[in-house]
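One file, input.cif, carrying mmCIF, C-alpha atoms:
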```
data_final
loop_
_atom_site.group_PDB
_atom_site.id
_atom_site.type_symbol
_atom_site.label_atom_id
_atom_site.label_comp_id
_atom_site.auth_asym_id
_atom_site.auth_seq_id
_atom_site.Cartn_x
_atom_site.Cartn_y
_atom_site.Cartn_z
ATOM 1 C CA MET Y 31 8.839 -8.076 19.068
ATOM 2 C CA LYS Y 32 6.270 -8.324 16.283
ATOM 3 C CA LYS Y 33 2.696 -8.751 17.481
ATOM 4 C CA SER Y 34 0.525 -11.251 15.673
ATOM 5 C CA TYR Y 35 -3.218 -10.709 15.557
ATOM 6 C CA PHE Y 36 -5.725 -13.350 14.649
ATOM 7 C CA LEU Y 37 -9.424 -12.820 14.464
ATOM 8 C CA ILE Y 38 -12.264 -15.208 13.773
ATOM 9 C CA LEU Y 39 -15.740 -13.784 13.980
ATOM 10 C CA PHE Y 40 -19.248 -15.059 13.485
ATOM 11 C CA PHE Y 41 -21.937 -12.408 13.689
ATOM 12 C CA PHE Y 42 -25.599 -12.929 14.352
ATOM 13 C CA ALA Y 43 -28.154 -10.170 14.529
ATOM 14 C CA SER Y 44 -31.326 -11.293 16.213
ATOM 15 C CA CYS Y 45 -34.701 -9.663 16.399
ATOM 16 C CA GLN Y 46 -36.348 -8.532 19.619
ATOM 17 C CA SER Y 47 -38.534 -11.536 20.284
ATOM 18 C CA PRO Y 48 -38.645 -14.581 22.539
ATOM 19 C CA ASP Y 49 -38.404 -16.593 19.323
ATOM 20 C CA ALA Y 50 -35.240 -14.772 18.219
ATOM 21 C CA GLN Y 51 -33.904 -15.580 14.811
ATOM 22 C CA ASN Y 52 -30.655 -14.956 12.992
ATOM 23 C CA LEU Y 53 -31.479 -11.935 10.827
ATOM 24 C CA ALA Y 54 -28.119 -12.223 9.046
ATOM 25 C CA LEU Y 55 -28.674 -15.824 7.937
ATOM 26 C CA HIS Y 56 -27.774 -16.197 4.239
ATOM 27 C CA LYS Y 57 -27.384 -12.419 3.848
ATOM 28 C CA SER Y 58 -24.576 -10.913 1.810
ATOM 29 C CA TYR Y 59 -21.707 -8.997 3.347
ATOM 30 C CA VAL Y 60 -18.572 -7.116 2.382
ATOM 31 C CA PHE Y 61 -15.156 -7.073 4.105
ATOM 32 C CA SER Y 62 -12.986 -3.963 4.197
ATOM 33 C CA THR Y 63 -9.998 -6.335 4.209
ATOM 34 C CA LEU Y 64 -10.236 -9.846 2.821
ATOM 35 C CA PRO Y 65 -9.504 -12.667 5.293
ATOM 36 C CA ASN Y 66 -5.836 -13.624 5.177
ATOM 37 C CA TYR Y 67 -5.784 -16.587 7.559
ATOM 38 C CA GLN Y 68 -4.113 -19.454 5.698
ATOM 39 C CA TYR Y 69 -6.968 -21.921 6.234
ATOM 40 C CA SER Y 70 -9.801 -19.556 5.260
ATOM 41 C CA ASP Y 71 -11.533 -20.870 2.146
ATOM 42 C CA ARG Y 72 -11.322 -17.953 -0.303
ATOM 43 C CA ALA Y 73 -14.194 -19.393 -2.381
ATOM 44 C CA ARG Y 74 -16.501 -19.322 0.701
ATOM 45 C CA ASP Y 75 -15.378 -15.984 2.124
ATOM 46 C CA ASN Y 76 -18.511 -14.336 0.763
ATOM 47 C CA SER Y 77 -20.866 -16.692 2.633
ATOM 48 C CA SER Y 78 -19.069 -18.327 5.589
ATOM 49 C CA LEU Y 79 -20.143 -15.768 8.195
ATOM 50 C CA THR Y 80 -23.852 -15.983 7.414
ATOM 51 C CA ASP Y 81 -24.322 -19.559 6.146
ATOM 52 C CA GLY Y 82 -25.583 -20.814 9.514
ATOM 53 C CA ILE Y 83 -22.777 -23.375 9.858
ATOM 54 C CA TYR Y 84 -21.121 -23.214 13.264
ATOM 55 C CA THR Y 85 -17.537 -24.447 13.163
ATOM 56 C CA SER Y 86 -16.651 -26.598 16.131
ATOM 57 C CA GLY Y 87 -13.933 -29.053 17.081
ATOM 58 C CA ASN Y 88 -10.620 -28.414 15.338
ATOM 59 C CA PHE Y 89 -11.655 -25.097 13.808
ATOM 60 C CA TRP Y 90 -8.050 -23.873 13.557
ATOM 61 C CA ARG Y 91 -7.634 -25.732 10.255
ATOM 62 C CA SER Y 92 -11.242 -25.797 9.113
ATOM 63 C CA SER Y 93 -12.116 -24.206 5.782
ATOM 64 C CA THR Y 94 -15.238 -22.745 7.429
ATOM 65 C CA THR Y 95 -12.998 -20.588 9.626
ATOM 66 C CA VAL Y 96 -12.759 -16.944 8.612
ATOM 67 C CA GLY Y 97 -9.756 -15.133 10.022
ATOM 68 C CA TRP Y 98 -7.261 -12.309 9.807
ATOM 69 C CA GLN Y 99 -3.682 -12.135 10.979
ATOM 70 C CA SER Y 100 -1.849 -8.876 11.734
ATOM 71 C CA GLU Y 101 -4.832 -6.694 10.803
ATOM 72 C CA LYS Y 102 -5.591 -3.802 13.118
ATOM 73 C CA GLU Y 103 -9.048 -3.046 11.718
ATOM 74 C CA VAL Y 104 -11.567 -5.050 9.728
ATOM 75 C CA THR Y 105 -15.016 -3.811 8.797
ATOM 76 C CA ILE Y 106 -17.753 -6.283 7.912
ATOM 77 C CA THR Y 107 -20.907 -4.786 6.437
ATOM 78 C CA ILE Y 108 -23.882 -7.169 6.431
ATOM 79 C CA ASP Y 109 -26.827 -6.244 4.217
ATOM 80 C CA LEU Y 110 -30.022 -7.348 5.984
ATOM 81 C CA GLN Y 111 -31.935 -6.284 2.827
ATOM 82 C CA ARG Y 112 -34.679 -4.533 4.770
ATOM 83 C CA LYS Y 113 -35.230 -2.525 7.912
ATOM 84 C CA GLU Y 114 -35.199 -4.799 10.974
ATOM 85 C CA ASN Y 115 -35.598 -4.360 14.725
ATOM 86 C CA ILE Y 116 -32.340 -5.730 16.100
ATOM 87 C CA GLY Y 117 -32.422 -6.910 19.704
ATOM 88 C CA LYS Y 118 -28.802 -7.974 20.028
ATOM 89 C CA VAL Y 119 -25.673 -8.725 18.045
ATOM 90 C CA THR Y 120 -23.635 -11.776 18.988
ATOM 91 C CA PHE Y 121 -20.349 -13.128 17.707
ATOM 92 C CA ASN Y 122 -18.041 -16.064 18.187
ATOM 93 C CA THR Y 123 -14.263 -15.795 18.264
ATOM 94 C CA VAL Y 124 -11.289 -17.572 19.804
ATOM 95 C CA ARG Y 125 -8.405 -16.819 22.117
ATOM 96 C CA ASN Y 126 -5.141 -18.613 22.849
ATOM 97 C CA ILE Y 127 -3.047 -16.444 25.147
ATOM 98 C CA ALA Y 128 0.042 -18.669 24.773
ATOM 99 C CA LEU Y 129 0.001 -18.071 21.006
ATOM 100 C CA LYS Y 130 -0.848 -14.355 21.435
ATOM 101 C CA ILE Y 131 -4.237 -14.857 19.802
ATOM 102 C CA ASN Y 132 -6.613 -12.467 21.503
ATOM 103 C CA PHE Y 133 -10.245 -11.534 21.413
ATOM 104 C CA PRO Y 134 -10.931 -8.405 19.375
ATOM 105 C CA GLN Y 135 -10.549 -5.352 21.567
ATOM 106 C CA ASN Y 136 -13.717 -3.846 20.114
ATOM 107 C CA ILE Y 137 -16.534 -4.849 17.811
ATOM 108 C CA PHE Y 138 -18.294 -1.605 17.109
ATOM 109 C CA VAL Y 139 -21.832 -2.044 15.819
ATOM 110 C CA PHE Y 140 -23.405 0.514 13.506
ATOM 111 C CA THR Y 141 -26.735 0.472 11.714
ATOM 112 C CA SER Y 142 -27.822 2.164 8.508
ATOM 113 C CA ASN Y 143 -30.925 2.317 6.335
ATOM 114 C CA ASP Y 144 -29.017 3.508 3.248
ATOM 115 C CA ASN Y 145 -25.442 2.125 3.540
ATOM 116 C CA SER Y 146 -24.244 5.712 3.595
ATOM 117 C CA SER Y 147 -25.202 7.272 6.913
ATOM 118 C CA PHE Y 148 -24.410 5.065 9.921
ATOM 119 C CA GLU Y 149 -25.454 5.307 13.568
ATOM 120 C CA TYR Y 150 -23.297 3.867 16.358
ATOM 121 C CA VAL Y 151 -25.228 1.328 18.460
ATOM 122 C CA GLY Y 152 -22.589 -0.065 20.813
ATOM 123 C CA ASP Y 153 -19.591 -2.328 21.303
ATOM 124 C CA ALA Y 154 -20.460 -6.042 21.057
ATOM 125 C CA ALA Y 155 -17.079 -6.921 22.601
ATOM 126 C CA ASP Y 156 -17.722 -4.858 25.729
ATOM 127 C CA SER Y 157 -17.626 -7.770 28.167
ATOM 128 C CA ALA Y 158 -15.868 -8.730 31.373
ATOM 129 C CA ASP Y 159 -14.413 -11.720 29.486
ATOM 130 C CA ASN Y 160 -12.563 -9.442 27.112
#
```

Represent the structure of the file as structure tokens.
Amino acid sequence: MKKSYFLILFFFASCQSPDAQNLALHKSYVFSTLPNYQYSDRARDNSSLTDGIYTSGNFWRSSTTVGWQSEKEVTITIDLQRKENIGKVTFNTVRNIALKINFPQNIFVFTSNDNSSFEYVGDAADSADN
């Protein structure tokens, strides 16, 4: 039986403050593997994750959805453009057990000041819901 993987992620890095903000808003990013979900809008794939637009409702066929099928590993590098104090990293994804669409097993978070040497911070998917 062939397993099918589907992943939709929205990442937000927020500062350590009661007035937290999305530090990734409108920042550039790079995928290790381009999204291959049939409804992903290839022209927006370089801005959909950080444009501040939250897809709701029937997101399965929305062009603002960014997704991968049958990919075991995807790396997304977001350039915050300057050193920031990051309080937490959040993401949004979907699951449909009947269709074998699962949450990502791990979302490892690393930080870097030079895009060369990275330090492991934690696993954003480490949750009882996962």

Subject >> the PyMOL selection byres ((chain Y and resi 111) around 10) applied to the shown file, residues as a PyMOL selection string >> reply: chain Y and resi 53-54+57-58+108-110+112-114+143

Could you save those same residues with C-alpha atoms as a PDB file, in the frame of the given file?
```
ATOM      1  CA  LEU Y  53     -31.479 -11.935  10.827  1.00  0.00           C
ATOM      2  CA  ALA Y  54     -28.119 -12.223   9.046  1.00  0.00           C
ATOM      3  CA  LYS Y  57     -27.384 -12.419   3.848  1.00  0.00           C
ATOM      4  CA  SER Y  58     -24.576 -10.913   1.810  1.00  0.00           C
ATOM      5  CA  ILE Y 108     -23.882  -7.169   6.431  1.00  0.00           C
ATOM      6  CA  ASP Y 109     -26.827  -6.244   4.217  1.00  0.00           C
ATOM      7  CA  LEU Y 110     -30.022  -7.348   5.984  1.00  0.00           C
ATOM      8  CA  ARG Y 112     -34.679  -4.533   4.770  1.00  0.00           C
ATOM      9  CA  LYS Y 113     -35.230  -2.525   7.912  1.00  0.00           C
ATOM     10  CA  GLU Y 114     -35.199  -4.799  10.974  1.00  0.00           C
ATOM     11  CA  ASN Y 143     -30.925   2.317   6.335  1.00  0.00           C
TER      12      ASN Y 143
END
```

Can you build me a table of region 51-144 of chain Y residues sitting at most 12 Å from region 148-156 of chain Y, with the closest atom pair per residue and its distance in Å to one decimal, using all atoms listed in the file, sorted by chain and residue number, as JSON lines?
```
{"residue": "Y:Thr107", "atom": "CA", "partner": "Y:Phe148", "partner_atom": "CA", "distance": 11.0}
{"residue": "Y:Ile116", "atom": "CA", "partner": "Y:Val151", "partner_atom": "CA", "distance": 10.3}
{"residue": "Y:Gly117", "atom": "CA", "partner": "Y:Val151", "partner_atom": "CA", "distance": 11.0}
{"residue": "Y:Lys118", "atom": "CA", "partner": "Y:Ala154", "partner_atom": "CA", "distance": 8.6}
{"residue": "Y:Val119", "atom": "CA", "partner": "Y:Ala154", "partner_atom": "CA", "distance": 6.6}
{"residue": "Y:Thr120", "atom": "CA", "partner": "Y:Ala154", "partner_atom": "CA", "distance": 6.9}
{"residue": "Y:Phe121", "atom": "CA", "partner": "Y:Ala154", "partner_atom": "CA", "distance": 7.8}
{"residue": "Y:Asn122", "atom": "CA", "partner": "Y:Ala155", "partner_atom": "CA", "distance": 10.2}
{"residue": "Y:Thr123", "atom": "CA", "partner": "Y:Ala155", "partner_atom": "CA", "distance": 10.3}
{"residue": "Y:Asn132", "atom": "CA", "partner": "Y:Ala155", "partner_atom": "CA", "distance": 11.9}
{"residue": "Y:Phe133", "atom": "CA", "partner": "Y:Ala155", "partner_atom": "CA", "distance": 8.3}
{"residue": "Y:Pro134", "atom": "CA", "partner": "Y:Ala155", "partner_atom": "CA", "distance": 7.1}
{"residue": "Y:Gln135", "atom": "CA", "partner": "Y:Ala155", "partner_atom": "CA", "distance": 6.8}
{"residue": "Y:Asn136", "atom": "CA", "partner": "Y:Ala155", "partner_atom": "CA", "distance": 5.2}
{"residue": "Y:Ile137", "atom": "CA", "partner": "Y:Ala154", "partner_atom": "CA", "distance": 5.2}
{"residue": "Y:Phe138", "atom": "CA", "partner": "Y:Asp153", "partner_atom": "CA", "distance": 4.4}
{"residue": "Y:Val139", "atom": "CA", "partner": "Y:Gly152", "partner_atom": "CA", "distance": 5.4}
{"residue": "Y:Phe140", "atom": "CA", "partner": "Y:Tyr150", "partner_atom": "CA", "distance": 4.4}
{"residue": "Y:Thr141", "atom": "CA", "partner": "Y:Glu149", "partner_atom": "CA", "distance": 5.3}
{"residue": "Y:Ser142", "atom": "CA", "partner": "Y:Phe148", "partner_atom": "CA", "distance": 4.7}
{"residue": "Y:Asn143", "atom": "CA", "partner": "Y:Phe148", "partner_atom": "CA", "distance": 7.9}
{"residue": "Y:Asp144", "atom": "CA", "partner": "Y:Phe148", "partner_atom": "CA", "distance": 8.3}
```

**OP:** Extract, using all atoms listed in the file, all DNA, RNA and protein residues at most 9 Å from Phe61 (chain Y), discarding same-chain residues fewer than 4 positions from it, and format them as an NGL selection string.
**Re:** :Y and (65 or 76 or 104-107)

**OP:** Counting all atoms listed in the file, figure out which residue out of Y:Arg125, Y:Ser77, Y:Asn115, Y:Val96 gets nearest to Gln51 (chain Y).
**Re:**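 Nearest candidate to Gln51 (chain Y) out of Y:Arg125, Y:Ser77, Y:Asn115, Y:Val96: Y:Asn115.
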
Subject >> CA of Asp75 (chain Y) to CA of Ser92 (chain Y), straight-line distance in Å >> reply: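 Going from CA of Ser92 (chain Y) over to CA of Asp75 (chain Y), I get 12.7 Å.
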
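Atom to atom, CA of Asp81 (chain Y) and CA of Ser93 (chain Y) stand 13.1 Å apart.
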
Quick test: take region 65-84 of chain Y, keep N, CA and C atoms, and write it as a short mmCIF file (atom, residue, chain, number, x, y, z; two decimals), in the first residue's frame.
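In the end it all went to decode_10.cif:
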```
data_model
loop_
_atom_site.label_atom_id
_atom_site.label_comp_id
_atom_site.auth_asym_id
_atom_site.auth_seq_id
_atom_site.Cartn_x
_atom_site.Cartn_y
_atom_site.Cartn_z
N PRO Y 65 6.41 23.21 -3.40
CA PRO Y 65 5.11 22.61 -3.15
C PRO Y 65 4.60 21.90 -4.40
N ASN Y 66 4.03 20.71 -4.21
CA ASN Y 66 3.53 19.95 -5.35
C ASN Y 66 2.04 19.62 -5.22
N TYR Y 67 1.37 20.23 -4.26
CA TYR Y 67 -0.07 20.04 -4.12
C TYR Y 67 -0.75 20.71 -5.31
N GLN Y 68 -1.69 20.01 -5.93
CA GLN Y 68 -2.26 20.47 -7.20
C GLN Y 68 -2.93 21.84 -7.14
N TYR Y 69 -3.41 22.26 -5.98
CA TYR Y 69 -4.08 23.55 -5.90
C TYR Y 69 -3.17 24.68 -5.42
N SER Y 70 -1.93 24.37 -5.07
CA SER Y 70 -0.99 25.43 -4.69
C SER Y 70 -0.78 26.35 -5.89
N ASP Y 71 -0.78 27.64 -5.64
CA ASP Y 71 -0.59 28.63 -6.70
C ASP Y 71 0.91 28.86 -6.86
N ARG Y 72 1.49 28.29 -7.91
CA ARG Y 72 2.94 28.37 -8.13
C ARG Y 72 3.46 29.81 -8.16
N ALA Y 73 2.63 30.74 -8.65
CA ALA Y 73 3.06 32.14 -8.73
C ALA Y 73 3.15 32.78 -7.34
N ARG Y 74 2.41 32.23 -6.35
CA ARG Y 74 2.40 32.79 -4.99
C ARG Y 74 3.25 31.98 -4.02
N ASP Y 75 3.87 30.91 -4.49
CA ASP Y 75 4.60 30.03 -3.58
C ASP Y 75 5.76 30.73 -2.89
N ASN Y 76 6.18 31.88 -3.37
CA ASN Y 76 7.27 32.59 -2.71
C ASN Y 76 6.78 33.63 -1.71
N SER Y 77 5.44 33.70 -1.50
CA SER Y 77 4.92 34.67 -0.54
C SER Y 77 3.74 34.17 0.29
N SER Y 78 3.14 33.06 -0.07
CA SER Y 78 1.92 32.58 0.59
C SER Y 78 2.09 32.32 2.09
N LEU Y 79 3.24 31.82 2.50
CA LEU Y 79 3.42 31.47 3.91
C LEU Y 79 3.60 32.68 4.81
N THR Y 80 4.03 33.80 4.26
CA THR Y 80 4.31 34.96 5.10
C THR Y 80 3.51 36.20 4.70
N ASP Y 81 2.47 36.04 3.89
CA ASP Y 81 1.70 37.20 3.43
C ASP Y 81 0.66 37.68 4.43
N GLY Y 82 0.47 36.95 5.53
CA GLY Y 82 -0.48 37.35 6.55
C GLY Y 82 -1.91 36.93 6.27
N ILE Y 83 -2.15 36.28 5.14
CA ILE Y 83 -3.50 35.82 4.79
C ILE Y 83 -3.70 34.43 5.36
N TYR Y 84 -4.71 34.29 6.21
CA TYR Y 84 -5.03 33.00 6.80
C TYR Y 84 -6.13 32.35 5.97
#
```
